[in-house]
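A.B. asks: Okay, so here is query.tsv, and as you'll see once you scroll down, it has TSV, C-alpha atoms and all ligand atoms.
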chain	number	residue	atom	x	y	z
A	52	MET	CA	-4.43	-1.08	-4.22
A	53	LYS	CA	-2.42	-4.28	-4.01
A	54	VAL	CA	-3.22	-7.60	-5.61
A	55	HIS	CA	-1.79	-11.06	-5.04
A	56	GLU	CA	0.83	-12.64	-7.26
A	57	TYR	CA	-1.68	-15.10	-8.75
A	58	GLN	CA	-3.99	-12.23	-9.66
A	59	ALA	CA	-1.15	-10.23	-11.21
A	60	LYS	CA	-0.10	-13.36	-13.12
A	61	ALA	CA	-3.62	-13.73	-14.53
A	62	LEU	CA	-3.34	-10.16	-15.83
A	63	PHE	CA	0.15	-10.93	-17.15
A	64	ALA	CA	-1.25	-13.87	-19.07
A	65	GLN	CA	-3.99	-11.67	-20.59
A	66	TYR	CA	-1.22	-9.41	-21.89
A	67	HIS	CA	0.84	-12.29	-23.31
A	68	LEU	CA	3.61	-12.05	-20.74
A	69	PRO	CA	5.52	-15.33	-20.32
A	70	VAL	CA	4.11	-16.81	-17.11
A	71	ASP	CA	4.00	-20.50	-16.39
A	72	LYS	CA	1.03	-22.58	-15.47
A	73	SER	CA	0.19	-22.42	-11.77
A	74	VAL	CA	-2.82	-23.25	-9.63
A	75	LEU	CA	-4.18	-21.40	-6.63
A	76	CYS	CA	-4.85	-23.65	-3.63
A	77	ARG	CA	-6.42	-23.10	-0.23
A	78	THR	CA	-5.79	-26.54	1.28
A	79	VAL	CA	-3.10	-29.21	1.23
A	80	ASP	CA	-5.45	-31.54	-0.65
A	81	GLU	CA	-5.97	-28.93	-3.34
A	82	ALA	CA	-2.19	-28.52	-3.54
A	83	VAL	CA	-1.73	-32.26	-4.07
A	84	SER	CA	-4.24	-32.41	-6.91
A	85	ALA	CA	-2.73	-29.28	-8.41
A	86	TYR	CA	0.66	-30.97	-8.29
A	87	GLN	CA	-0.72	-34.06	-10.02
A	88	SER	CA	-2.35	-31.95	-12.72
A	89	LEU	CA	0.92	-30.12	-13.44
A	90	GLY	CA	2.61	-33.40	-14.22
A	91	SER	CA	6.14	-32.26	-13.44
A	92	GLU	CA	8.43	-33.79	-10.82
A	93	ARG	CA	9.45	-30.48	-9.25
A	94	ALA	CA	6.93	-27.87	-8.22
A	95	VAL	CA	7.18	-24.50	-6.53
A	96	VAL	CA	4.91	-23.62	-3.59
A	97	LYS	CA	4.41	-19.92	-2.95
A	98	ALA	CA	2.61	-18.04	-0.19
A	99	GLN	CA	0.10	-15.49	-1.46
A	100	VAL	CA	0.15	-12.48	0.84
A	101	HIS	CA	0.07	-8.73	0.34
A	102	THR	CA	3.74	-8.25	1.20
A	103	GLY	CA	7.10	-8.80	-0.42
A	104	GLY	CA	10.08	-10.79	0.81
A	105	ARG	CA	8.16	-14.05	0.93
A	106	GLY	CA	11.19	-15.98	-0.28
A	107	LYS	CA	13.35	-14.78	2.61
A	108	ALA	CA	10.56	-15.51	5.09
A	109	GLY	CA	10.37	-19.15	3.95
A	110	GLY	CA	7.18	-18.63	1.96
A	111	VAL	CA	8.60	-19.87	-1.36
A	112	LYS	CA	9.82	-23.47	-1.64
A	113	VAL	CA	10.67	-25.83	-4.45
A	114	ALA	CA	9.40	-29.36	-3.78
A	115	LYS	CA	10.77	-32.55	-5.31
A	116	GLY	CA	8.02	-35.10	-5.44
A	117	GLU	CA	4.55	-35.33	-3.97
A	118	GLU	CA	5.63	-36.05	-0.38
A	119	GLN	CA	7.76	-32.94	-0.18
A	120	LEU	CA	5.06	-30.87	-1.84
A	121	LYS	CA	2.59	-31.99	0.82
A	122	GLU	CA	5.08	-31.09	3.53
A	123	TYR	CA	5.77	-27.59	2.13
A	124	ALA	CA	2.12	-26.86	1.42
A	125	SER	CA	1.17	-27.63	5.00
A	126	GLN	CA	4.14	-25.63	6.30
A	127	ILE	CA	3.33	-22.53	4.26
A	128	LEU	CA	-0.47	-22.54	4.67
A	129	GLY	CA	-1.14	-20.77	7.96
A	130	MET	CA	2.36	-19.31	8.14
A	131	ASP	CA	2.71	-15.72	9.33
A	132	ILE	CA	4.64	-13.39	7.02
A	133	LYS	CA	5.13	-9.86	8.32
A	134	GLY	CA	1.79	-9.96	10.11
A	135	PHE	CA	-0.13	-11.57	7.24
A	136	THR	CA	-1.47	-15.10	7.67
A	137	VAL	CA	-1.13	-17.24	4.56
A	138	ASP	CA	-4.54	-18.60	3.54
A	139	ARG	CA	-3.68	-19.29	-0.11
A	140	ILE	CA	-0.74	-20.77	-1.93
A	141	LEU	CA	0.23	-20.93	-5.55
A	142	VAL	CA	1.50	-24.27	-6.84
A	143	GLY	CA	3.37	-24.10	-10.11
A	144	GLU	CA	5.79	-25.95	-12.30
A	145	ALA	CA	9.32	-25.33	-10.99
A	146	ILE	CA	11.58	-23.56	-13.42
A	147	ASP	CA	15.26	-24.36	-13.91
A	148	ILE	CA	16.72	-20.92	-13.41
A	149	ALA	CA	20.01	-19.91	-15.04
A	150	SER	CA	19.92	-16.22	-14.06
A	151	GLU	CA	17.56	-13.68	-12.44
A	152	TYR	CA	16.82	-10.08	-13.49
A	153	TYR	CA	14.79	-7.20	-12.15
A	154	VAL	CA	12.15	-5.45	-14.28
A	155	SER	CA	9.54	-2.93	-13.22
A	156	ILE	CA	7.49	-0.02	-14.40
A	157	VAL	CA	6.67	2.67	-11.83
A	158	ILE	CA	5.67	6.30	-11.80
A	159	ASP	CA	8.70	8.50	-11.14
A	160	ARG	CA	7.45	11.81	-9.77
A	161	LYS	CA	10.77	13.51	-10.40
A	162	VAL	CA	10.80	12.57	-14.07
A	163	LYS	CA	7.01	13.15	-14.24
A	164	SER	CA	6.40	9.97	-16.18
A	165	ALA	CA	6.48	6.23	-15.88
A	166	ILE	CA	9.95	4.70	-15.94
A	167	LEU	CA	11.19	1.25	-16.81
A	168	MET	CA	13.61	0.03	-14.13
A	169	LEU	CA	15.99	-2.77	-14.94
A	170	SER	CA	18.82	-4.61	-13.27
A	171	ARG	CA	20.99	-7.59	-14.01
A	172	GLU	CA	21.08	-8.27	-10.29
A	173	GLY	CA	17.47	-9.35	-9.87
A	174	GLY	CA	16.07	-11.64	-7.21
A	175	MET	CA	15.64	-11.47	-3.51
A	176	ASP	CA	18.40	-8.94	-2.80
A	177	ILE	CA	17.22	-6.15	-5.05
A	178	GLU	CA	16.75	-3.81	-2.06
A	179	SER	CA	20.43	-4.04	-1.15
A	180	VAL	CA	21.42	-3.59	-4.80
A	181	ALA	CA	19.37	-0.37	-4.87
A	182	LYS	CA	21.00	0.77	-1.65
A	183	ASN	CA	24.61	-0.22	-2.14
A	184	THR	CA	25.13	-0.23	-5.90
A	185	PRO	CA	22.45	2.02	-7.38
A	186	GLU	CA	24.47	2.28	-10.62
A	187	LYS	CA	23.43	-1.31	-11.31
A	188	ILE	CA	19.82	-0.20	-11.70
A	189	HIS	CA	18.89	1.37	-15.03
A	190	LYS	CA	16.03	3.84	-15.21
A	191	ILE	CA	14.47	4.55	-18.59
A	192	PRO	CA	11.81	7.28	-18.77
A	193	ILE	CA	8.75	6.45	-20.87
A	194	ASP	CA	7.25	9.45	-22.64
A	195	PRO	CA	3.47	9.03	-22.28
A	196	LEU	CA	2.90	10.38	-25.80
A	197	ILE	CA	5.37	8.00	-27.37
A	198	GLY	CA	4.96	4.94	-25.16
A	199	MET	CA	7.38	2.09	-25.75
A	200	PRO	CA	8.33	1.77	-29.41
A	201	ASP	CA	10.56	-1.07	-30.58
A	202	TYR	CA	13.76	0.95	-30.48
A	203	LEU	CA	13.25	1.92	-26.84
A	204	ALA	CA	12.35	-1.61	-25.77
A	205	ARG	CA	15.43	-2.92	-27.62
A	206	GLU	CA	17.71	-0.38	-26.02
A	207	ALA	CA	16.24	-1.37	-22.65
A	208	ALA	CA	16.71	-5.07	-23.34
A	209	PHE	CA	20.41	-4.52	-23.99
A	210	CYS	CA	20.68	-3.22	-20.41
A	211	LEU	CA	19.89	-6.75	-19.29
A	212	PHE	CA	21.18	-9.06	-22.00
A	213	ASP	CA	24.16	-9.31	-24.32
A	214	ASP	CA	22.74	-12.26	-26.22
A	215	LYS	CA	20.52	-11.14	-29.13
A	216	ALA	CA	18.21	-14.13	-28.78
A	217	LEU	CA	17.38	-12.99	-25.25
A	218	VAL	CA	17.00	-9.35	-26.31
A	219	LYS	CA	14.47	-10.49	-28.89
A	220	GLN	CA	12.42	-12.26	-26.20
A	221	ALA	CA	12.64	-9.34	-23.78
A	222	VAL	CA	11.35	-6.66	-26.18
A	223	PRO	CA	7.68	-7.81	-26.21
A	224	VAL	CA	7.89	-8.43	-22.46
A	225	PHE	CA	8.65	-4.76	-21.81
A	226	GLN	CA	6.10	-3.57	-24.36
A	227	ASN	CA	3.31	-5.75	-23.06
A	228	LEU	CA	4.15	-4.90	-19.47
A	229	TYR	CA	3.86	-1.21	-20.33
A	230	ARG	CA	0.57	-1.75	-22.16
A	231	LEU	CA	-0.79	-3.53	-19.08
A	232	PHE	CA	0.53	-0.82	-16.76
A	233	LYS	CA	-1.05	1.93	-18.81
A	234	GLU	CA	-4.36	0.32	-19.74
A	235	LYS	CA	-5.11	-0.76	-16.18
A	236	ASP	CA	-3.89	2.46	-14.53
A	237	ALA	CA	-1.31	0.63	-12.45
A	238	SER	CA	1.12	2.41	-10.15
A	239	LEU	CA	3.56	-0.50	-10.23
A	240	ALA	CA	4.10	-3.51	-12.46
A	241	GLU	CA	7.08	-5.53	-11.30
A	242	ILE	CA	8.70	-8.77	-12.40
A	243	ASN	CA	11.29	-9.83	-9.87
A	244	PRO	CA	12.77	-12.04	-10.95
A	245	LEU	CA	12.45	-12.19	-14.68
A	246	VAL	CA	14.54	-15.27	-15.37
A	247	VAL	CA	16.42	-16.94	-18.13
A	248	THR	CA	15.86	-20.68	-17.90
A	249	LYS	CA	18.58	-23.24	-18.47
A	250	SER	CA	17.07	-23.83	-21.91
A	251	GLY	CA	17.39	-20.12	-22.80
A	252	GLU	CA	13.82	-18.94	-22.35
A	253	VAL	CA	12.83	-15.63	-20.75
A	254	LYS	CA	10.09	-16.08	-18.10
A	255	ALA	CA	8.32	-14.06	-15.43
A	256	ILE	CA	8.32	-16.17	-12.28
A	257	ASP	CA	7.04	-13.49	-9.91
A	258	ALA	CA	4.46	-10.78	-10.54
A	259	LYS	CA	3.60	-7.78	-8.46
A	260	MET	CA	1.12	-5.05	-9.28
A	261	THR	CA	-0.41	-2.12	-7.48
A	262	PHE	CA	-3.12	0.12	-8.87
A	263	ASP	CA	-4.05	3.76	-8.62
A	264	ASN	CA	-7.07	3.88	-6.28
A	265	ASN	CA	-8.41	6.97	-8.00
A	266	ALA	CA	-8.75	5.09	-11.28
A	267	LEU	CA	-10.40	1.96	-9.92
A	268	TYR	CA	-13.85	3.20	-10.89
A	269	ARG	CA	-12.99	2.48	-14.51
A	270	HIS	CA	-11.53	-0.97	-13.89
A	271	PRO	CA	-14.23	-3.14	-12.31
A	272	ASP	CA	-12.16	-6.24	-13.09
A	273	VAL	CA	-9.34	-4.90	-10.92
A	274	PHE	CA	-11.57	-3.48	-8.20
A	275	GLU	CA	-13.08	-6.94	-7.80
A	276	LEU	CA	-9.70	-8.08	-6.47
A	277	PHE	CA	-9.70	-5.54	-3.63
A	278	GLU	CA	-9.09	-7.16	-0.23
A	279	PRO	CA	-8.96	-4.29	2.24
A	280	THR	CA	-6.90	-4.58	5.41
A	281	ALA	CA	-8.54	-3.60	8.72
A	282	GLU	CA	-6.92	-0.18	8.31
A	283	GLU	CA	-8.19	0.28	4.76
A	284	ARG	CA	-11.67	-0.77	5.81
A	285	LYS	CA	-11.64	1.93	8.46
A	286	GLU	CA	-10.51	4.52	5.93
A	287	GLN	CA	-13.28	3.45	3.57
A	288	ASP	CA	-15.91	3.67	6.36
A	289	ALA	CA	-14.68	7.15	7.17
A	290	LYS	CA	-14.96	8.12	3.52
A	291	ASP	CA	-18.53	6.83	3.40
A	292	LYS	CA	-19.33	9.15	6.35
A	293	GLY	CA	-17.96	12.13	4.46
A	294	PHE	CA	-14.60	12.34	6.22
A	295	SER	CA	-11.18	12.29	4.74
A	296	TYR	CA	-9.14	10.04	7.06
A	297	VAL	CA	-5.67	8.52	6.96
A	298	ASN	CA	-4.20	6.54	9.83
A	299	LEU	CA	-0.63	7.51	10.68
A	300	GLY	CA	0.10	5.42	13.75
A	301	GLY	CA	0.94	8.16	16.28
A	302	GLU	CA	-0.60	8.95	19.69
A	303	ILE	CA	-2.36	12.28	19.10
A	304	GLY	CA	-5.71	12.00	17.38
A	305	CYS	CA	-6.53	15.03	15.24
A	306	MET	CA	-9.95	16.39	14.34
A	307	VAL	CA	-9.70	19.35	12.04
A	308	ASN	CA	-11.84	21.13	9.47
A	309	GLY	CA	-10.03	21.67	6.20
A	310	ALA	CA	-7.20	19.67	4.69
A	311	GLY	CA	-4.66	22.50	4.85
A	312	LEU	CA	-5.34	23.16	8.50
A	313	ALA	CA	-5.15	19.42	9.17
A	314	MET	CA	-1.70	19.28	7.56
A	315	ALA	CA	-0.56	22.31	9.55
A	316	THR	CA	-1.87	20.73	12.76
A	317	MET	CA	0.13	17.59	12.11
A	318	ASP	CA	3.23	19.70	11.49
A	319	MET	CA	2.67	21.50	14.77
A	320	ILE	CA	2.43	18.22	16.67
A	321	LYS	CA	5.66	17.06	15.08
A	322	LEU	CA	7.33	20.36	15.92
A	323	TYR	CA	6.66	19.80	19.61
A	324	GLY	CA	7.95	16.24	19.50
A	325	GLY	CA	4.67	14.32	19.22
A	326	ASN	CA	3.23	12.06	16.52
A	327	PRO	CA	-0.14	12.52	14.85
A	328	ALA	CA	-2.32	9.40	14.99
A	329	ASN	CA	-4.13	10.41	11.87
A	330	PHE	CA	-5.07	12.94	9.30
A	331	LEU	CA	-8.77	13.74	9.66
A	332	ASP	CA	-10.63	16.43	7.79
A	333	ILE	CA	-14.22	16.56	9.04
A	334	GLY	CA	-15.20	19.25	6.54
A	335	GLY	CA	-17.54	22.13	7.35
A	336	SER	CA	-20.45	22.27	9.85
A	337	SER	CA	-20.55	21.87	13.61
A	338	ASN	CA	-23.16	19.14	13.52
A	339	PRO	CA	-22.83	17.16	16.80
A	340	THR	CA	-23.55	13.80	15.13
A	341	LYS	CA	-20.65	14.42	12.78
A	342	ILE	CA	-18.39	15.21	15.73
A	343	VAL	CA	-19.60	12.06	17.51
A	344	GLU	CA	-18.83	9.96	14.44
A	345	ALA	CA	-15.40	11.53	14.10
A	346	MET	CA	-14.64	11.00	17.80
A	347	LYS	CA	-15.72	7.36	17.57
A	348	LEU	CA	-13.31	6.94	14.70
A	349	LEU	CA	-10.45	8.41	16.75
A	350	LEU	CA	-11.35	6.45	19.90
A	351	SER	CA	-11.36	3.18	17.97
A	352	ASP	CA	-7.62	3.66	17.42
A	353	SER	CA	-5.87	2.06	20.40
A	354	HIS	CA	-2.76	4.21	19.92
A	355	VAL	CA	-4.60	7.47	20.59
A	356	ARG	CA	-3.80	9.05	23.99
A	357	VAL	CA	-5.01	12.61	23.41
A	358	VAL	CA	-7.37	14.21	20.92
A	359	LEU	CA	-6.60	17.60	19.46
A	360	ILE	CA	-9.53	19.44	17.92
A	361	ASN	CA	-8.52	22.37	15.76
A	362	ILE	CA	-11.38	24.25	14.11
A	363	PHE	CA	-11.41	27.32	11.98
A	364	GLY	CA	-14.77	29.10	12.06
A	365	GLY	CA	-15.31	30.76	8.73
A	366	ILE	CA	-18.89	30.22	7.68
A	367	THR	CA	-19.38	27.96	10.70
A	368	ARG	CA	-19.24	30.09	13.83
A	369	CYS	CA	-17.01	29.08	16.72
A	370	ASP	CA	-19.79	29.43	19.30
A	371	ASP	CA	-21.88	26.98	17.24
A	372	VAL	CA	-18.93	24.63	17.09
A	373	ALA	CA	-18.47	24.90	20.86
A	374	LYS	CA	-22.16	24.07	21.39
A	375	GLY	CA	-21.83	21.18	18.97
A	376	LEU	CA	-18.82	19.85	20.85
A	377	ILE	CA	-20.55	20.09	24.22
A	378	GLU	CA	-23.60	18.28	22.81
A	379	ALA	CA	-21.43	15.65	21.17
A	380	PHE	CA	-19.47	14.84	24.29
A	381	LYS	CA	-22.70	14.30	26.23
A	382	MET	CA	-23.25	11.38	23.86
A	383	LEU	CA	-19.73	10.01	24.24
A	384	ASP	CA	-18.40	8.08	27.16
A	385	THR	CA	-14.70	8.84	27.26
A	386	ASP	CA	-12.13	10.21	29.67
A	387	MET	CA	-9.66	10.87	26.88
A	388	PRO	CA	-7.95	14.25	27.35
A	389	ILE	CA	-9.23	16.69	24.72
A	390	VAL	CA	-7.46	19.85	23.59
A	391	ILE	CA	-9.56	22.33	21.65
A	392	ARG	CA	-8.48	25.32	19.67
A	393	LEU	CA	-11.09	27.48	17.97
A	394	THR	CA	-10.30	30.38	15.75
A	395	GLY	CA	-12.30	32.67	13.47
A	396	THR	CA	-15.81	34.05	13.69
A	397	ASN	CA	-17.00	34.37	17.32
A	398	GLU	CA	-13.96	32.60	18.71
A	399	ALA	CA	-14.08	34.47	22.02
A	400	GLU	CA	-17.72	33.45	22.51
A	401	GLY	CA	-16.81	29.89	21.62
A	402	ARG	CA	-14.02	29.76	24.17
A	403	GLU	CA	-16.29	31.32	26.78
A	404	LEU	CA	-18.78	28.47	26.32
A	405	LEU	CA	-16.03	25.90	26.84
A	406	LYS	CA	-14.84	27.48	30.11
A	407	GLY	CA	-15.35	25.21	33.09
A	408	THR	CA	-15.72	22.09	30.90
A	409	LYS	CA	-13.24	19.22	30.96
A	410	PHE	CA	-11.70	20.39	27.69
A	411	HIS	CA	-8.26	21.96	27.56
A	412	VAL	CA	-8.88	25.14	25.64
A	413	ALA	CA	-6.03	26.71	23.72
A	414	LYS	CA	-5.97	30.05	21.99
A	415	THR	CA	-3.25	29.57	19.40
A	416	MET	CA	-2.25	26.65	17.29
A	417	SER	CA	1.17	26.30	18.90
A	418	GLU	CA	-0.35	26.44	22.38
A	419	ALA	CA	-2.71	23.63	21.35
A	420	GLY	CA	0.07	21.54	19.79
A	421	LYS	CA	2.30	21.94	22.81
A	422	LYS	CA	-0.48	21.07	25.24
A	423	ALA	CA	-1.50	17.97	23.30
A	424	VAL	CA	2.08	16.66	23.18
A	425	GLU	CA	2.52	17.36	26.89
A	426	LEU	CA	-0.68	15.49	27.81
A	427	ALA	CA	0.23	12.58	25.57
A	428	GLN	CA	3.64	12.30	27.22
A	429	GLN	CA	2.02	12.33	30.66
A	430	CYS	CA	-0.32	9.50	29.62
A	431	MET	CA	2.53	7.45	28.24
A	432	ASN	CA	4.65	7.90	31.37
A	433	LYS	CA	1.85	6.62	33.59
B	1	LIG	P1	9.48	-13.04	-3.25
B	1	LIG	O1	10.59	-13.42	-2.36
B	1	LIG	O2	8.24	-12.72	-2.46
B	1	LIG	O3	9.82	-11.92	-4.18
B	1	LIG	O4	9.09	-14.32	-4.15
B	1	LIG	P2	9.63	-14.81	-5.59
B	1	LIG	O5	8.49	-15.35	-6.35
B	1	LIG	O6	10.41	-13.74	-6.26
B	1	LIG	O7	10.58	-16.03	-5.24
B	1	LIG	C1	11.76	-15.87	-4.52
B	1	LIG	C2	12.88	-16.69	-5.11
B	1	LIG	O8	12.51	-18.05	-5.15
B	1	LIG	C3	13.21	-16.30	-6.55
B	1	LIG	O9	14.12	-15.23	-6.61
B	1	LIG	C4	13.80	-17.59	-7.07
B	1	LIG	O10	15.18	-17.67	-6.77
B	1	LIG	C5	13.10	-18.67	-6.26
B	1	LIG	N1	12.06	-19.31	-7.10
B	1	LIG	C6	10.79	-18.86	-7.30
B	1	LIG	N2	10.14	-19.66	-8.18
B	1	LIG	C7	11.03	-20.61	-8.54
B	1	LIG	C8	10.99	-21.75	-9.43
B	1	LIG	O11	10.01	-22.04	-10.09
B	1	LIG	N3	12.12	-22.52	-9.51
B	1	LIG	C9	13.23	-22.24	-8.80
B	1	LIG	N4	14.29	-23.01	-8.94
B	1	LIG	N5	13.31	-21.20	-7.97
B	1	LIG	C10	12.24	-20.40	-7.84
B	2	MN	MN	9.98	-11.62	-6.14
If you took the structure in this file and wrote it as structure tokens, what would it be?
C.D. replies:
Amino acid sequence: MKVHEYQAKALFAQYHLPVDKSVLCRTVDEAVSAYQSLGSERAVVKAQVHTGGRGKAGGVKVAKGEEQLKEYASQILGMDIKGFTVDRILVGEAIDIASEYYVSIVIDRKVKSAILMLSREGGMDIESVAKNTPEKIHKIPIDPLIGMPDYLAREAAFCLFDDKALVKQAVPVFQNLYRLFKEKDASLAEINPLVVTKSGEVKAIDAKMTFDNNALYRHPDVFELFEPTAEERKEQDAKDKGFSYVNLGGEIGCMVNGAGLAMATMDMIKLYGGNPANFLDIGGSSNPTKIVEAMKLLLSDSHVRVVLINIFGGITRCDDVAKGLIEAFKMLDTDMPIVIRLTGTNEAEGRELLKGTKFHVAKTMSEAGKKAVELAQQCMNK
């Protein structure tokens, strides 16, 4: 789960990380009074959206004086950044930056622990630093049983600074950032840039955090900040109906029972040159209402051209599933091509029932995958 910069900064402040005063605003008028309350000549105006690269997109501007602040606030409010419309801005005291650094804590699956990532080349071009000069990014594993003792934080700080006064300021920054990361079950805590001001102070001027969804139940304060996208809302609805659903953006909708079979079905589609629109595990049972709900979910995705239904009849019998499907499609008004593959108990009987219906019935998984890709290509060529 993502949160906005201003929300991450509030958490930073709770953990004594050096963030400056800033005010969240939803209108230009609010921005003007925020500016007046800050009482500094220069102020920074920042778009609050769930995506990075705001600076490059023109969503971060430093204003000199009230007139310019008004101008920038009205420019940035309503702006579109990578498909997100800006409805909130953060107005803060502008910092005199001497240099910018990159600091983050993330889970590294290879190392099997959290790592502290650091670079002297922080700021808006960190992606190209990672790509072109990866040796400029330091990665320090954090043993979960040891955490971040002083010696480790100091060693880390020397990766960024040569000046001892700066090292001294950086040590609690790393330690508090790790404490926040761990206590709130974050999956990312990033400061980019961490800056040194012209007067020699270390400050966090950006804050980015994401959280482990599976741990949200124990962090109501974080869960409160959840602003689901349309896609996430759909996934949540599906979950409430007892499905496990992930949108993947392709053209072949998949309805499968069992997560392993669903994964294998997606692989099969890929093998034949298609793209799965989703992962969908409908679980056991051939209940027609469940199939109707699942179909509605797939049909609400405008990218879907074909639906592939792949069912393994273990305890559920394939002839029951076939009956369920026939019942379900009486309730659905769609001319979407449907490929069905049934396997397991009573599969022959199941297929027999589907004979003469509008469904494309396949016997094997590869036959089904191939057929679905073929039909999808036909639809897209029309
Ligand atoms: P991002 O592009 O979405 O990561 O947004 P950031 O908050 O990191 O801001 C982008 C850039 O704007 C930073 O790298 C800084 O160079 C600059 N910037 C942000 N805040 C300030 C500020 O208070 N003063 C000055 N001078 N520059 C700032
Ligand atoms: Mn940034």
A.B. asks: Around ligand MN 2 (chain B), at most 8 Å away and counting only C-alpha atoms and all ligand atoms, which residues are there? Put them as a PyMOL selection string, please.
C.D. replies: chain A and resi 103-106+174-175+242-244+256-259
A.B. asks: For ligand LIG 1 (chain B), take all atoms listed in the file, fit an axis-aligned box around them, add 3 Å to each of the six sides, then output centre and edge lengths in Å rounded to one decimal, as AutoDock Vina command-line options.
C.D. replies:
--center_x 11.7 --center_y -17.5 --center_z -6.2 --size_x 12.9 --size_y 17.1 --size_z 13.7
A.B. asks: Would you pick out the contacts of Phe277 in chain A at 12 Å or less, using only C-alpha atoms, so that residues sharing its chain but fewer than 3 positions from it are not included, and give the list as a PDB file with C-alpha atoms, in the frame of the given file?
C.D. replies:
ATOM      1  CA  MET A  52      -4.430  -1.080  -4.220  1.00  0.00           C
ATOM      2  CA  LYS A  53      -2.420  -4.280  -4.010  1.00  0.00           C
ATOM      3  CA  VAL A  54      -3.220  -7.600  -5.610  1.00  0.00           C
ATOM      4  CA  HIS A  55      -1.790 -11.060  -5.040  1.00  0.00           C
ATOM      5  CA  GLN A  58      -3.990 -12.230  -9.660  1.00  0.00           C
ATOM      6  CA  HIS A 101       0.070  -8.730   0.340  1.00  0.00           C
ATOM      7  CA  THR A 261      -0.410  -2.120  -7.480  1.00  0.00           C
ATOM      8  CA  PHE A 262      -3.120   0.120  -8.870  1.00  0.00           C
ATOM      9  CA  ASP A 263      -4.050   3.760  -8.620  1.00  0.00           C
ATOM     10  CA  ASN A 264      -7.070   3.880  -6.280  1.00  0.00           C
ATOM     11  CA  LEU A 267     -10.400   1.960  -9.920  1.00  0.00           C
ATOM     12  CA  HIS A 270     -11.530  -0.970 -13.890  1.00  0.00           C
ATOM     13  CA  PRO A 271     -14.230  -3.140 -12.310  1.00  0.00           C
ATOM     14  CA  ASP A 272     -12.160  -6.240 -13.090  1.00  0.00           C
ATOM     15  CA  VAL A 273      -9.340  -4.900 -10.920  1.00  0.00           C
ATOM     16  CA  PHE A 274     -11.570  -3.480  -8.200  1.00  0.00           C
ATOM     17  CA  THR A 280      -6.900  -4.580   5.410  1.00  0.00           C
ATOM     18  CA  GLU A 283      -8.190   0.280   4.760  1.00  0.00           C
ATOM     19  CA  ARG A 284     -11.670  -0.770   5.810  1.00  0.00           C
TER      20      ARG A 284
END
A.B. asks: Report as a list in words all protein, DNA and RNA residues lying within 12 Å of Gly375 in chain A, evaluated on all atoms listed in the file, omitting residues in the same chain fewer than 5 positions from it.
C.D. replies: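 Residues meeting the cut-off are Ser336, Ser337, Asn338, Pro339, Thr340, Lys341, Ile342, Val343, Ile362, Thr367, Arg368, Cys369, Asp370, Phe380, Lys381, Met382, Gly401, Leu404 and Leu405 of chain A.
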A.B. asks: Determine, for each residue of range 346-396 of chain A having at least one atom at most 8 Å from an atom of range 295-313 of chain A, the closest pair of atoms and their separation in Å to one decimal, counting all atoms listed in the file; order by chain and ascending number, as JSON lines.
C.D. replies:
{"residue": "A:Met346", "atom": "CA", "partner": "A:Met306", "partner_atom": "CA", "distance": 7.9}
{"residue": "A:Leu349", "atom": "CA", "partner": "A:Gly304", "partner_atom": "CA", "distance": 6.0}
{"residue": "A:His354", "atom": "CA", "partner": "A:Glu302", "partner_atom": "CA", "distance": 5.2}
{"residue": "A:Val355", "atom": "CA", "partner": "A:Glu302", "partner_atom": "CA", "distance": 4.4}
{"residue": "A:Arg356", "atom": "CA", "partner": "A:Glu302", "partner_atom": "CA", "distance": 5.4}
{"residue": "A:Val357", "atom": "CA", "partner": "A:Ile303", "partner_atom": "CA", "distance": 5.1}
{"residue": "A:Val358", "atom": "CA", "partner": "A:Gly304", "partner_atom": "CA", "distance": 4.5}
{"residue": "A:Leu359", "atom": "CA", "partner": "A:Cys305", "partner_atom": "CA", "distance": 4.9}
{"residue": "A:Ile360", "atom": "CA", "partner": "A:Met306", "partner_atom": "CA", "distance": 4.7}
{"residue": "A:Asn361", "atom": "CA", "partner": "A:Val307", "partner_atom": "CA", "distance": 4.9}
{"residue": "A:Ile362", "atom": "CA", "partner": "A:Val307", "partner_atom": "CA", "distance": 5.6}
{"residue": "A:Phe363", "atom": "CA", "partner": "A:Asn308", "partner_atom": "CA", "distance": 6.7}
A.B. asks: I'd like the interatomic distance between CA of Gly325 in chain A and CA of Val424 in chain A, to a tenth of an Å.
C.D. replies: 5.3 Å
A.B. asks: Kindly extract all protein, DNA and RNA residues lying within 12 Å of the coordinates (-12.4, 35.0, 18.3) given in the file, considering only C-alpha atoms, and supply them as a VMD selection string.
C.D. replies: chain A and resid 362 to 365 368 to 370 392 to 403 413 to 415
A.B. asks: Write the selection just made, keeping C-alpha atoms, as a short mmCIF file (atom, residue, chain, number, x, y, z; two decimals), keeping the file's coordinate frame?
C.D. replies:
data_model
loop_
_atom_site.label_atom_id
_atom_site.label_comp_id
_atom_site.auth_asym_id
_atom_site.auth_seq_id
_atom_site.Cartn_x
_atom_site.Cartn_y
_atom_site.Cartn_z
CA ILE A 362 -11.38 24.25 14.11
CA PHE A 363 -11.41 27.32 11.98
CA GLY A 364 -14.77 29.10 12.06
CA GLY A 365 -15.31 30.76 8.73
CA ARG A 368 -19.24 30.09 13.83
CA CYS A 369 -17.01 29.08 16.72
CA ASP A 370 -19.79 29.43 19.30
CA ARG A 392 -8.48 25.32 19.67
CA LEU A 393 -11.09 27.48 17.97
CA THR A 394 -10.30 30.38 15.75
CA GLY A 395 -12.30 32.67 13.47
CA THR A 396 -15.81 34.05 13.69
CA ASN A 397 -17.00 34.37 17.32
CA GLU A 398 -13.96 32.60 18.71
CA ALA A 399 -14.08 34.47 22.02
CA GLU A 400 -17.72 33.45 22.51
CA GLY A 401 -16.81 29.89 21.62
CA ARG A 402 -14.02 29.76 24.17
CA GLU A 403 -16.29 31.32 26.78
CA ALA A 413 -6.03 26.71 23.72
CA LYS A 414 -5.97 30.05 21.99
CA THR A 415 -3.25 29.57 19.40
#
